[in-house]
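Participant: Input entry-v1.txt, format and content: compact mmCIF, C-alpha atoms.
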# COMPACT_ATOMS: atom_id res chain seq x y z
CA MET Q 1 0.00 0.00 0.00
CA GLU Q 2 2.89 2.36 0.83
CA LEU Q 3 4.49 1.72 -2.55
CA TYR Q 4 1.20 2.17 -4.42
CA GLY Q 5 0.78 5.49 -2.61
CA GLU Q 6 4.38 6.60 -3.22
CA HIS Q 7 4.91 5.62 -6.86
CA GLY Q 8 1.39 4.96 -8.11
CA PHE Q 9 -0.10 1.54 -8.74
CA GLU Q 10 1.15 1.31 -12.35
CA HIS Q 11 4.75 2.04 -11.43
CA THR Q 12 5.00 -0.44 -8.60
CA THR Q 13 6.39 -3.90 -9.42
CA VAL Q 14 5.83 -7.14 -7.57
CA ALA Q 15 9.62 -7.29 -7.06
CA GLU Q 16 9.49 -3.96 -5.19
CA ILE Q 17 6.51 -5.06 -3.10
CA ALA Q 18 8.24 -8.31 -2.15
CA GLU Q 19 11.43 -6.45 -1.23
CA ARG Q 20 9.61 -3.89 0.93
CA ALA Q 21 7.74 -6.67 2.69
CA GLY Q 22 10.90 -8.74 3.15
CA LEU Q 23 9.50 -11.61 1.08
CA THR Q 24 10.47 -13.40 -2.09
CA GLU Q 25 8.35 -12.85 -5.19
CA ARG Q 26 7.45 -16.50 -4.97
CA THR Q 27 5.95 -15.98 -1.53
CA PHE Q 28 4.04 -12.96 -2.82
CA PHE Q 29 2.50 -15.09 -5.56
CA ARG Q 30 1.52 -17.72 -3.02
CA HIS Q 31 -0.80 -15.11 -1.51
CA PHE Q 32 -1.83 -12.98 -4.48
CA ALA Q 33 -2.43 -13.86 -8.14
CA ASP Q 34 -1.14 -10.42 -9.16
CA LYS Q 35 -0.58 -6.97 -7.72
CA ARG Q 36 -4.26 -6.04 -8.13
CA GLU Q 37 -5.19 -8.80 -5.71
CA VAL Q 38 -3.48 -6.89 -2.88
CA LEU Q 39 -6.38 -4.45 -3.24
CA PHE Q 40 -9.15 -6.93 -4.02
CA GLY Q 41 -8.15 -9.96 -1.99
CA GLY Q 42 -10.93 -9.25 0.52
CA ALA Q 43 -13.71 -9.29 -2.10
CA ALA Q 44 -14.48 -13.00 -1.76
CA GLU Q 45 -14.74 -12.79 2.04
CA LEU Q 46 -16.91 -9.67 1.76
CA GLN Q 47 -19.27 -11.41 -0.62
CA ALA Q 48 -19.41 -14.56 1.51
CA THR Q 49 -20.22 -12.52 4.64
CA LEU Q 50 -22.91 -10.58 2.82
CA VAL Q 51 -24.55 -13.68 1.36
CA GLU Q 52 -24.35 -15.47 4.72
CA GLY Q 53 -25.88 -12.40 6.40
CA VAL Q 54 -28.84 -12.50 4.02
CA ALA Q 55 -29.27 -16.25 4.41
CA SER Q 56 -29.18 -16.17 8.21
CA ALA Q 57 -31.69 -13.34 8.76
CA PRO Q 58 -34.64 -14.63 10.81
CA THR Q 59 -37.54 -16.15 8.86
CA GLY Q 60 -40.06 -13.46 8.04
CA THR Q 61 -37.55 -10.63 7.73
CA ALA Q 62 -38.42 -8.33 4.83
CA PRO Q 63 -35.93 -8.32 1.92
CA ILE Q 64 -34.60 -4.88 2.83
CA GLY Q 65 -34.24 -6.00 6.46
CA CYS Q 66 -32.18 -8.98 5.27
CA VAL Q 67 -29.73 -6.80 3.35
CA ALA Q 68 -29.52 -4.26 6.17
CA ALA Q 69 -28.67 -7.10 8.58
CA ALA Q 70 -26.09 -8.42 6.12
CA LEU Q 71 -24.42 -5.00 5.88
CA ARG Q 72 -24.34 -4.83 9.67
CA ALA Q 73 -22.48 -8.16 9.60
CA VAL Q 74 -20.05 -6.78 7.02
CA ALA Q 75 -19.24 -3.51 8.79
CA PRO Q 76 -16.88 -4.95 11.48
CA MET Q 77 -14.62 -6.22 8.65
CA PHE Q 78 -13.75 -2.58 8.01
CA GLU Q 79 -14.06 -0.79 11.36
CA GLU Q 80 -10.46 -1.39 12.46
CA ARG Q 81 -9.07 -0.58 9.05
CA ARG Q 82 -10.22 2.93 8.22
CA ALA Q 83 -6.66 4.12 7.41
CA PHE Q 84 -6.14 1.15 5.07
CA ALA Q 85 -9.55 1.76 3.46
CA ARG Q 86 -8.64 5.41 2.83
CA GLN Q 87 -5.33 4.53 1.20
CA ARG Q 88 -6.97 1.85 -0.90
CA GLN Q 89 -9.74 4.16 -2.11
CA ALA Q 90 -7.24 6.86 -3.14
CA ILE Q 91 -5.19 4.34 -5.13
CA ILE Q 92 -8.28 2.99 -6.87
CA ALA Q 93 -9.65 6.44 -7.68
CA ALA Q 94 -6.35 7.30 -9.41
CA ASN Q 95 -6.36 4.28 -11.72
CA PRO Q 96 -9.09 3.61 -14.31
CA ASP Q 97 -8.34 -0.14 -14.50
CA LEU Q 98 -8.71 -0.47 -10.74
CA LEU Q 99 -11.90 1.57 -10.83
CA GLU Q 100 -13.31 -0.87 -13.40
CA ARG Q 101 -12.36 -3.75 -11.18
CA GLU Q 102 -14.05 -2.06 -8.21
CA LEU Q 103 -17.25 -1.54 -10.21
CA ILE Q 104 -17.23 -5.20 -11.25
CA LYS Q 105 -16.76 -6.17 -7.61
CA LEU Q 106 -19.80 -4.10 -6.61
CA ALA Q 107 -21.92 -5.43 -9.50
CA THR Q 108 -20.94 -8.98 -8.51
CA LEU Q 109 -21.88 -8.24 -4.88
CA ALA Q 110 -25.30 -6.98 -6.01
CA ALA Q 111 -25.89 -10.08 -8.15
CA ALA Q 112 -24.85 -12.42 -5.30
CA THR Q 113 -27.08 -10.55 -2.84
CA ALA Q 114 -30.07 -10.72 -5.19
CA ALA Q 115 -29.44 -14.47 -5.65
CA ALA Q 116 -29.30 -14.95 -1.85
CA LEU Q 117 -32.64 -13.16 -1.52
CA ARG Q 118 -34.25 -15.29 -4.25
CA GLU Q 119 -32.91 -18.30 -2.38
CA ARG Q 120 -35.09 -17.13 0.56
CA GLY Q 121 -38.13 -17.02 -1.73
CA VAL Q 122 -38.06 -13.29 -2.50
CA GLY Q 123 -39.48 -12.59 -5.96
CA GLU Q 124 -38.35 -10.21 -8.67
CA PRO Q 125 -38.04 -7.27 -9.00
CA GLU Q 126 -37.92 -7.02 -5.17
CA ALA Q 127 -34.75 -9.14 -4.86
CA SER Q 128 -32.81 -7.08 -7.41
CA LEU Q 129 -34.10 -3.77 -6.05
CA ALA Q 130 -33.21 -4.63 -2.45
CA ALA Q 131 -29.77 -5.83 -3.58
CA GLU Q 132 -29.12 -2.65 -5.57
CA ALA Q 133 -30.28 -0.58 -2.61
CA ALA Q 134 -27.84 -2.46 -0.38
CA VAL Q 135 -24.89 -1.92 -2.69
CA ALA Q 136 -25.76 1.78 -3.08
CA VAL Q 137 -25.91 2.17 0.71
CA PHE Q 138 -22.62 0.29 1.04
CA ARG Q 139 -20.85 2.35 -1.62
CA ILE Q 140 -22.12 5.74 -0.49
CA GLY Q 141 -21.78 4.81 3.19
CA PHE Q 142 -18.23 3.61 2.72
CA GLU Q 143 -17.25 6.84 0.98
CA ARG Q 144 -18.86 8.97 3.69
CA TRP Q 145 -17.23 6.88 6.40
CA ILE Q 146 -13.69 7.14 5.02
CA THR Q 147 -13.97 10.87 4.32
CA ALA Q 148 -15.40 11.64 7.79
CA PRO Q 149 -12.90 12.53 10.52
CA ASP Q 150 -11.77 9.76 12.88
CA GLY Q 151 -13.99 9.46 15.93
CA GLY Q 152 -17.11 10.05 13.82
CA PRO Q 153 -19.91 7.50 13.49
CA GLU Q 154 -19.00 3.90 12.76
CA LEU Q 155 -19.58 2.41 9.33
CA ALA Q 156 -22.59 0.40 10.54
CA GLN Q 157 -24.24 3.58 11.88
CA VAL Q 158 -23.53 5.49 8.68
CA MET Q 159 -25.14 2.73 6.62
CA ASP Q 160 -28.16 2.46 8.94
CA GLY Q 161 -28.68 6.20 8.57
CA LEU Q 162 -28.49 5.88 4.80
CA PHE Q 163 -31.22 3.22 4.75
CA GLY Q 164 -33.43 5.76 6.52
CA SER Q 165 -32.49 8.52 4.07
CA LEU Q 166 -33.02 6.21 1.11
CA SER Q 167 -36.47 5.27 2.33
CA ALA Q 168 -37.40 8.95 2.76
CA THR Q 169 -35.90 9.90 -0.62
CA VAL Q 170 -37.59 7.12 -2.56
CA ALA Q 171 -40.96 7.45 -0.80
CA ALA Q 172 -41.25 11.03 -2.09
CA ALA Q 173 -41.75 9.55 -5.57
CA GLU Q 174 -45.41 8.88 -4.81
CA PRO Q 175 -47.92 9.65 -5.98
CA ALA Q 176 -46.44 9.66 -9.52
CA SER Q 177 -43.76 12.21 -8.60
CA ALA Q 178 -46.07 15.24 -8.71
CA PRO Q 179 -44.31 18.46 -7.70
CA ILE Q 180 -45.29 19.36 -4.14
CA GLY Q 181 -43.67 21.69 -1.63
CA ALA Q 182 -40.18 23.15 -1.81
CA ALA Q 183 -37.22 21.62 -3.68
CA GLY Q 184 -34.30 19.90 -2.24
CA GLY Q 185 -32.86 18.72 1.01
CA SER Q 186 -33.68 16.00 3.45
CA THR Q 187 -36.06 17.96 5.66
CA ALA Q 188 -38.38 18.70 2.77
CA ALA Q 189 -38.21 15.09 1.59
CA ARG Q 190 -39.04 13.83 5.07
CA GLY Q 191 -41.92 16.29 5.32
CA ARG Q 192 -43.37 15.02 2.06
CA ARG Q 193 -42.89 11.50 3.23
CA ARG Q 194 -44.90 11.91 6.36
CA GLU Q 195 -47.53 13.63 4.28
CA SER Q 196 -47.62 10.69 1.87
CA ARG Q 197 -48.40 8.28 4.70
CA THR Q 198 -51.89 9.66 5.01
CA ARG Q 199 -52.61 8.73 1.39
CA PRO Q 200 -53.63 5.30 0.15
CA ALA Q 201 -50.89 3.07 -1.31
CA SER Q 202 -49.79 4.19 -4.77
CA PRO Q 203 -51.32 2.19 -7.61
CA ALA Q 204 -47.88 2.32 -9.29
CA ALA Q 205 -46.66 -0.25 -6.76
CA SER Q 206 -48.82 -2.94 -8.35
CA ASP Q 207 -47.71 -2.28 -11.95
CA SER Q 208 -44.45 -4.12 -12.01
CA PRO Q 209 -45.52 -7.77 -11.70
CA ALA Q 210 -47.13 -7.40 -15.15
CA THR Q 211 -43.61 -6.97 -16.60
CA MET Q 212 -42.15 -10.14 -15.10
CA MET T 213 -24.22 -5.53 -34.88
CA GLU T 214 -24.73 -8.47 -37.25
CA LEU T 215 -21.02 -9.19 -37.34
CA TYR T 216 -20.66 -8.92 -33.55
CA GLY T 217 -23.53 -11.37 -33.26
CA GLU T 218 -22.14 -13.75 -35.90
CA HIS T 219 -18.43 -13.86 -35.01
CA GLY T 220 -18.33 -12.35 -31.54
CA PHE T 221 -17.12 -8.86 -30.71
CA GLU T 222 -13.44 -9.88 -30.30
CA HIS T 223 -13.27 -11.56 -33.69
CA THR T 224 -14.80 -8.74 -35.68
CA THR T 225 -12.43 -6.24 -37.28
CA VAL T 226 -13.12 -2.66 -38.29
CA ALA T 227 -12.22 -3.68 -41.87
CA GLU T 228 -15.04 -6.25 -41.84
CA ILE T 229 -17.52 -3.77 -40.35
CA ALA T 230 -16.65 -1.17 -42.98
CA GLU T 231 -16.99 -3.72 -45.77
CA ARG T 232 -20.38 -5.00 -44.54
CA ALA T 233 -21.64 -1.41 -44.26
CA GLY T 234 -20.23 -0.48 -47.68
CA LEU T 235 -17.92 2.15 -46.18
CA THR T 236 -14.18 2.75 -46.09
CA GLU T 237 -12.40 2.26 -42.77
CA ARG T 238 -11.64 5.95 -42.88
CA THR T 239 -15.35 6.76 -42.92
CA PHE T 240 -15.90 4.34 -40.02
CA PHE T 241 -13.32 6.18 -37.96
CA ARG T 242 -14.96 9.51 -38.74
CA HIS T 243 -17.98 8.22 -36.80
CA PHE T 244 -16.46 5.94 -34.17
CA ALA T 245 -13.16 6.14 -32.27
CA ASP T 246 -13.00 2.32 -32.24
CA LYS T 247 -15.26 -0.70 -32.59
CA ARG T 248 -16.46 -0.40 -28.98
CA GLU T 249 -17.98 2.97 -29.81
CA VAL T 250 -20.51 1.28 -32.09
CA LEU T 251 -22.03 -0.04 -28.87
CA PHE T 252 -21.45 3.00 -26.65
CA GLY T 253 -21.87 5.89 -29.08
CA GLY T 254 -25.25 6.72 -27.54
CA ALA T 255 -23.89 7.13 -23.99
CA ALA T 256 -23.19 10.85 -24.29
CA GLU T 257 -26.68 11.60 -25.62
CA LEU T 258 -28.24 9.41 -22.92
CA GLN T 259 -26.35 11.28 -20.21
CA ALA T 260 -27.21 14.68 -21.69
CA THR T 261 -30.92 13.78 -21.86
CA LEU T 262 -30.90 12.51 -18.29
CA VAL T 263 -29.12 15.58 -16.92
CA GLU T 264 -31.39 17.91 -18.92
CA GLY T 265 -34.43 15.99 -17.61
CA VAL T 266 -33.30 16.55 -14.02
CA ALA T 267 -32.54 20.21 -14.64
CA SER T 268 -35.87 20.94 -16.33
CA ALA T 269 -38.15 19.34 -13.72
CA PRO T 270 -40.51 21.96 -12.27
CA THR T 271 -39.28 23.90 -9.26
CA GLY T 272 -40.32 22.13 -6.09
CA THR T 273 -40.14 18.61 -7.54
CA ALA T 274 -38.68 16.15 -5.01
CA PRO T 275 -35.27 14.66 -5.98
CA ILE T 276 -36.79 11.27 -6.77
CA GLY T 277 -39.48 12.98 -8.86
CA CYS T 278 -36.73 14.74 -10.84
CA VAL T 279 -34.95 11.50 -11.68
CA ALA T 280 -38.22 9.73 -12.49
CA ALA T 281 -39.08 12.57 -14.91
CA ALA T 282 -35.61 12.35 -16.42
CA LEU T 283 -35.99 8.61 -17.02
CA ARG T 284 -39.34 9.26 -18.65
CA ALA T 285 -37.53 11.66 -21.01
CA VAL T 286 -34.90 9.00 -21.74
CA ALA T 287 -37.29 6.13 -22.47
CA PRO T 288 -38.35 7.25 -26.00
CA MET T 289 -34.68 7.02 -27.09
CA PHE T 290 -35.05 3.24 -26.76
CA GLU T 291 -38.71 2.45 -27.52
CA GLU T 292 -38.23 2.02 -31.27
CA ARG T 293 -35.06 0.04 -30.85
CA ARG T 294 -35.90 -2.95 -28.72
CA ALA T 295 -34.39 -5.41 -31.24
CA PHE T 296 -31.15 -3.40 -31.37
CA ALA T 297 -31.11 -3.15 -27.56
CA ARG T 298 -31.48 -6.94 -27.26
CA GLN T 299 -28.62 -7.62 -29.69
CA ARG T 300 -26.44 -5.08 -27.95
CA GLN T 301 -27.10 -6.53 -24.49
CA ALA T 302 -26.27 -10.07 -25.65
CA ILE T 303 -22.96 -8.90 -27.16
CA ILE T 304 -22.03 -7.00 -24.00
CA ALA T 305 -22.95 -9.88 -21.70
CA ALA T 306 -20.62 -12.16 -23.67
CA ASN T 307 -17.56 -9.92 -23.34
CA PRO T 308 -15.99 -8.95 -19.99
CA ASP T 309 -14.31 -5.82 -21.40
CA LEU T 310 -17.61 -4.56 -22.75
CA LEU T 311 -19.31 -5.36 -19.46
CA GLU T 312 -16.70 -3.24 -17.66
CA ARG T 313 -17.35 -0.41 -20.09
CA GLU T 314 -21.10 -0.73 -19.49
CA LEU T 315 -20.60 -0.58 -15.71
CA ILE T 316 -18.46 2.53 -16.11
CA LYS T 317 -21.16 4.08 -18.28
CA LEU T 318 -23.75 3.43 -15.57
CA ALA T 319 -21.49 4.75 -12.78
CA THR T 320 -20.82 7.86 -14.85
CA LEU T 321 -24.58 8.32 -15.39
CA ALA T 322 -25.16 8.07 -11.64
CA ALA T 323 -22.44 10.64 -10.91
CA ALA T 324 -23.81 13.05 -13.55
CA THR T 325 -27.35 12.64 -12.22
CA ALA T 326 -26.23 13.30 -8.64
CA ALA T 327 -24.35 16.41 -9.83
CA ALA T 328 -27.47 17.64 -11.68
CA LEU T 329 -29.50 17.21 -8.47
CA ARG T 330 -26.93 19.10 -6.39
CA GLU T 331 -27.10 21.83 -9.02
CA ARG T 332 -30.81 22.15 -8.11
CA GLY T 333 -29.88 22.57 -4.45
CA VAL T 334 -30.43 18.96 -3.34
CA GLY T 335 -28.11 18.04 -0.47
CA GLU T 336 -26.16 14.87 0.22
CA PRO T 337 -26.77 12.01 0.74
CA GLU T 338 -30.17 12.58 -0.94
CA ALA T 339 -28.65 13.51 -4.32
CA SER T 340 -26.45 10.40 -4.48
CA LEU T 341 -29.20 8.12 -3.18
CA ALA T 342 -31.78 9.40 -5.69
CA ALA T 343 -29.21 9.08 -8.50
CA GLU T 344 -28.32 5.50 -7.51
CA ALA T 345 -32.02 4.67 -7.29
CA ALA T 346 -32.52 6.06 -10.80
CA VAL T 347 -29.66 4.05 -12.28
CA ALA T 348 -30.87 0.88 -10.52
CA VAL T 349 -34.38 1.41 -11.92
CA PHE T 350 -32.92 2.10 -15.36
CA ARG T 351 -30.69 -0.98 -15.34
CA ILE T 352 -33.26 -3.40 -13.94
CA GLY T 353 -36.06 -1.84 -16.01
CA PHE T 354 -34.03 -2.08 -19.20
CA GLU T 355 -33.27 -5.73 -18.59
CA ARG T 356 -36.91 -6.54 -17.87
CA TRP T 357 -38.03 -4.59 -20.91
CA ILE T 358 -35.70 -6.33 -23.37
CA THR T 359 -36.44 -9.79 -21.99
CA ALA T 360 -40.22 -9.24 -22.04
CA PRO T 361 -42.08 -10.30 -25.21
CA ASP T 362 -42.82 -7.63 -27.80
CA GLY T 363 -46.15 -5.95 -27.22
CA GLY T 364 -45.57 -5.88 -23.47
CA PRO T 365 -45.37 -2.67 -21.42
CA GLU T 366 -43.20 0.15 -22.72
CA LEU T 367 -39.88 0.95 -21.09
CA ALA T 368 -41.29 4.07 -19.40
CA GLN T 369 -44.10 2.03 -17.81
CA VAL T 370 -41.69 -0.67 -16.66
CA MET T 371 -39.48 1.94 -14.98
CA ASP T 372 -42.46 3.74 -13.38
CA GLY T 373 -43.60 0.41 -11.92
CA LEU T 374 -40.10 -0.19 -10.56
CA PHE T 375 -40.07 3.15 -8.72
CA GLY T 376 -43.24 1.97 -6.98
CA SER T 377 -41.71 -1.42 -6.15
CA LEU T 378 -38.50 0.23 -4.94
CA SER T 379 -40.44 2.53 -2.64
CA ALA T 380 -42.37 -0.43 -1.19
CA THR T 381 -39.22 -2.56 -0.87
CA VAL T 382 -37.14 0.11 0.84
CA ALA T 383 -39.92 1.35 3.14
CA ALA T 384 -40.11 -2.11 4.74
CA ALA T 385 -36.71 -1.35 6.32
CA GLU T 386 -38.33 0.65 9.09
CA PRO T 387 -38.37 0.53 11.97
CA ALA T 388 -34.79 -0.74 12.17
CA SER T 389 -35.54 -3.79 10.00
CA ALA T 390 -37.20 -5.82 12.78
CA PRO T 391 -38.58 -9.12 11.52
CA ILE T 392 -42.36 -8.88 11.17
CA GLY T 393 -44.84 -10.97 9.23
CA ALA T 394 -44.08 -13.55 6.56
CA ALA T 395 -40.94 -13.69 4.40
CA GLY T 396 -40.56 -12.70 0.87
CA GLY T 397 -42.52 -11.34 -2.01
CA SER T 398 -44.04 -8.03 -2.91
CA THR T 399 -47.43 -8.54 -1.31
CA ALA T 400 -45.91 -9.03 2.12
CA ALA T 401 -43.63 -6.03 1.62
CA ARG T 402 -46.56 -3.85 0.63
CA GLY T 403 -48.55 -5.02 3.63
CA ARG T 404 -45.72 -4.12 5.98
CA ARG T 405 -45.39 -0.81 4.24
CA ARG T 406 -48.95 0.22 4.85
CA GLU T 407 -48.53 -0.93 8.42
CA SER T 408 -45.40 1.21 8.84
CA ARG T 409 -47.32 4.32 7.86
CA THR T 410 -49.17 4.31 11.11
CA ARG T 411 -45.91 4.52 13.04
CA PRO T 412 -43.96 7.71 13.74
CA ALA T 413 -41.01 8.51 11.45
CA SER T 414 -37.99 6.31 12.13
CA PRO T 415 -35.31 7.97 14.25
CA ALA T 416 -32.74 6.37 11.91
CA ALA T 417 -33.75 8.86 9.20
CA SER T 418 -32.15 11.71 11.15
CA ASP T 419 -28.80 10.00 11.73
CA SER T 420 -27.11 10.57 8.41
CA PRO T 421 -26.59 14.36 8.42
CA ALA T 422 -24.14 13.86 11.32
CA THR T 423 -21.84 11.99 8.91
CA MET T 424 -21.67 14.73 6.26
Would you mind writing the file's structure down as structure tokens?

Facilitator:
Amino acid sequence: MELYGEHGFEHTTVAEIAERAGLTERTFFRHFADKREVLFGGAAELQATLVEGVASAPTGTAPIGCVAAALRAVAPMFEERRAFARQRQAIIAANPDLLERELIKLATLAAATAAALRERGVGEPEASLAAEAAVAVFRIGFERWITAPDGGPELAQVMDGLFGSLSATVAAAEPASAPIGAAGGSTAARGRRRESRTRPASPAASDSPATM
Amino acid sequence: MELYGEHGFEHTTVAEIAERAGLTERTFFRHFADKREVLFGGAAELQATLVEGVASAPTGTAPIGCVAAALRAVAPMFEERRAFARQRQAIIAANPDLLERELIKLATLAAATAAALRERGVGEPEASLAAEAAVAVFRIGFERWITAPDGGPELAQVMDGLFGSLSATVAAAEPASAPIGAAGGSTAARGRRRESRTRPASPAASDSPATM
């Protein structure tokens, strides 16, 4: 990570990494397929924890509750490693190939999460929507968490807050996104949301099964 | 598109494309930087239409209403081209490099949409959450639309239905994703949703501003 930060990812060789770490190149390759894997080696564990979190949510938990529980299970994997996460994110942001790899990782996480929900009997499009919501909360939450000063809220709290904000933001879409009230920020959106609770359920909610 | 379908994207050369289209290679390169651009040439127009749709939503429209309106503006770009969209999707799904490019396109769309919302005065995390919701609805809606038989609902209708489903799915997260009722499908989620309307607003919704 030091070398990637000092010289850039492209200009760091496996030989240099091995030397800095006091290892042979052969030992490096016993742990990592290539130098990208130093940054993405945790992806499999992350996905396994997420899928396991969805699978082990109590029977009867709503799809969004399953993914929220799964993200709560994932958060401790990062809590102790905020400095590492910051370094990693900066390296990835500076390199288009790594950014592609990161996007693939997130898309793969979403697909695995949706599959885990279907495994529980959740239908479509609910499984895919809940999975996409989870990955959006993870991505945005992670970014907010690493840019916040140390001592701020923990990753799990940040993500929990984002589920609340997402619910308020998305609920304002009904009925049929008619313009009401003032533009903008969260307070207005929450105001509209509370307002929308007094209305009957939107007919739009029953449209989608026809497209399955 | 025919050649990509017949021989695969990797095994099609610009010379072959030019020949099939009755053009010189030089003319091809006047229109496309490379053979990938045949598949992604519409990305700039798509993004411009989406951003313009957000910007031109009436004053006072909620963030999610802005993105829903923008997607409604985008839908006609595809309606007449379902066969092309199907071919394109199959080619992209078969090629990891193209899939990466597609993911980057979608991430770029989300970033541009969030920026257009902030331009309207929408704060964070609402702008990013509404933008991610829009891209999720676009991606899932597009896939459902191209896999549905011809004569089914139009893309705009499919996406409108998904905003309703997303709202129902995400709302079930409150309060704090406690397990209630039966597992699974949309009917249960909608039932819980209506139920949740009788409760006071979740305290979780006010957590996120502390992380900004």

Participant: Closest to Ser56 of chain Q among Q:Ala116, Q:Ala18, Q:Leu166, Q:Ile91, using all atoms listed in the file?

Facilitator: Q:Ala116

Participant: Of the candidates T:Gln369, T:Gln299, T:Asn307, T:Thr224, which one gets nearest to Gly353 of chain T if we count all atoms listed in the file?

Facilitator: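 Once distances to Gly353 of chain T are computed over all atoms listed in the file, the minimum belongs to T:Gln369.
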
Participant: Give the answer as one residue: which of T:Phe290, T:Phe252, T:Phe244, T:Phe354 has the shortest atom-to-atom distance to chain Q, using all atoms listed in the file?

Facilitator: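 Ranking T:Phe290, T:Phe252, T:Phe244, T:Phe354 by distance to chain Q, first place goes to T:Phe354.
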
Participant: So, with all atoms listed in the file as the atoms that count, which of Q:Gln89, Q:Ser165, Q:Thr113, Q:Thr13 lies closest to chain T?

Facilitator: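 Going through Q:Gln89, Q:Ser165, Q:Thr113, Q:Thr13 one by one, the smallest distance to chain T is for Q:Ser165.
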
Participant: Determine, counting only C-alpha atoms, which protein, DNA and RNA residues have an atom within 12 Å of an atom of Arg20 of chain Q; residues of the same chain fewer than 5 positions away are not included. Present the result as a list of chain:residue names.

Facilitator: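 Those residues are Q:Met1, Q:Glu2, Q:Leu3, Q:Tyr4, Q:Thr12, Q:Thr13, Q:Val14, Q:Ala15, Q:Glu25, Q:Phe28.
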
Participant: Write the residues you've just listed into a file as a PDB file, in the frame of the given file, and include C-alpha atoms for each of them.

Facilitator:
ATOM      1  CA  MET Q   1       0.000   0.000   0.000  1.00  0.00           C
ATOM      2  CA  GLU Q   2       2.890   2.360   0.830  1.00  0.00           C
ATOM      3  CA  LEU Q   3       4.490   1.720  -2.550  1.00  0.00           C
ATOM      4  CA  TYR Q   4       1.200   2.170  -4.420  1.00  0.00           C
ATOM      5  CA  THR Q  12       5.000  -0.440  -8.600  1.00  0.00           C
ATOM      6  CA  THR Q  13       6.390  -3.900  -9.420  1.00  0.00           C
ATOM      7  CA  VAL Q  14       5.830  -7.140  -7.570  1.00  0.00           C
ATOM      8  CA  ALA Q  15       9.620  -7.290  -7.060  1.00  0.00           C
ATOM      9  CA  GLU Q  25       8.350 -12.850  -5.190  1.00  0.00           C
ATOM     10  CA  PHE Q  28       4.040 -12.960  -2.820  1.00  0.00           C
TER      11      PHE Q  28
END

Participant: In Å, with one decimal, what is the gap from atom CA of Met289 of chain T to atom CA of Glu366 of chain T?

Facilitator: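 Atom-to-atom, atom CA of Met289 of chain T to atom CA of Glu366 of chain T, that is 11.8 Å.
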
Participant: If you count all atoms listed in the file, which residues fall within 9 Å of Glu132 of chain Q, apart from same-chain ones fewer than 6 positions away, as a ChimeraX atom specification?

Facilitator: /Q:107,110-111,113-114 /T:344-345,348

Participant: Quick one: residues within 12 Å of Ala305 of chain T, all atoms listed in the file counted, chain neighbours fewer than 4 positions away excluded, as a list in words?

Facilitator: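 Counting all atoms listed in the file, the residues come to Gly217, Gly220, Phe221, Arg298, Gln299, Arg300, Gln301, Asp309, Leu310, Leu311, Glu312, Arg313, Glu314, Leu315 and Glu355 of chain T.
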
Participant: What is the distance, in Å and to one decimal place, between atom CA of Ala85 of chain Q and atom CA of Met159 of chain Q?

Facilitator: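 Rounded to one decimal, the two atoms are 15.9 Å apart.
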
Participant: If we count only C-alpha atoms and set the cut-off at 10 Å, which residues sit around Ala342 of chain T, ignoring sequence neighbours fewer than 5 positions away in its own chain? Please answer as a list in words.

Facilitator: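 Everything that qualifies: Ser165, Leu166, Thr169, Val170 and Ala173 of chain Q; Ala274, Pro275, Ile276, Gly277, Cys278, Val279, Ala280, Ala322, Thr325, Ala326, Leu329, Val334, Glu336, Pro337, Val347 and Ala348 of chain T.
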
Participant: Determine the nearest neighbour of chain Q from the options T:Gly234, T:Pro288, T:Gly335, T:Gly265, counting all atoms listed in the file.

Facilitator: T:Gly335

Participant: Which of these residues is nearest to chain T, using only C-alpha atoms: Q:Ala57, Q:Leu39, Q:Ile92, Q:Ala21?

Facilitator: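 With only C-alpha atoms as the atom set, the closest residue is Q:Ala57.
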
Participant: What is the atom CA of Pro270 of chain T to atom CA of Ala383 of chain T distance in Å?

Facilitator: 25.7 Å
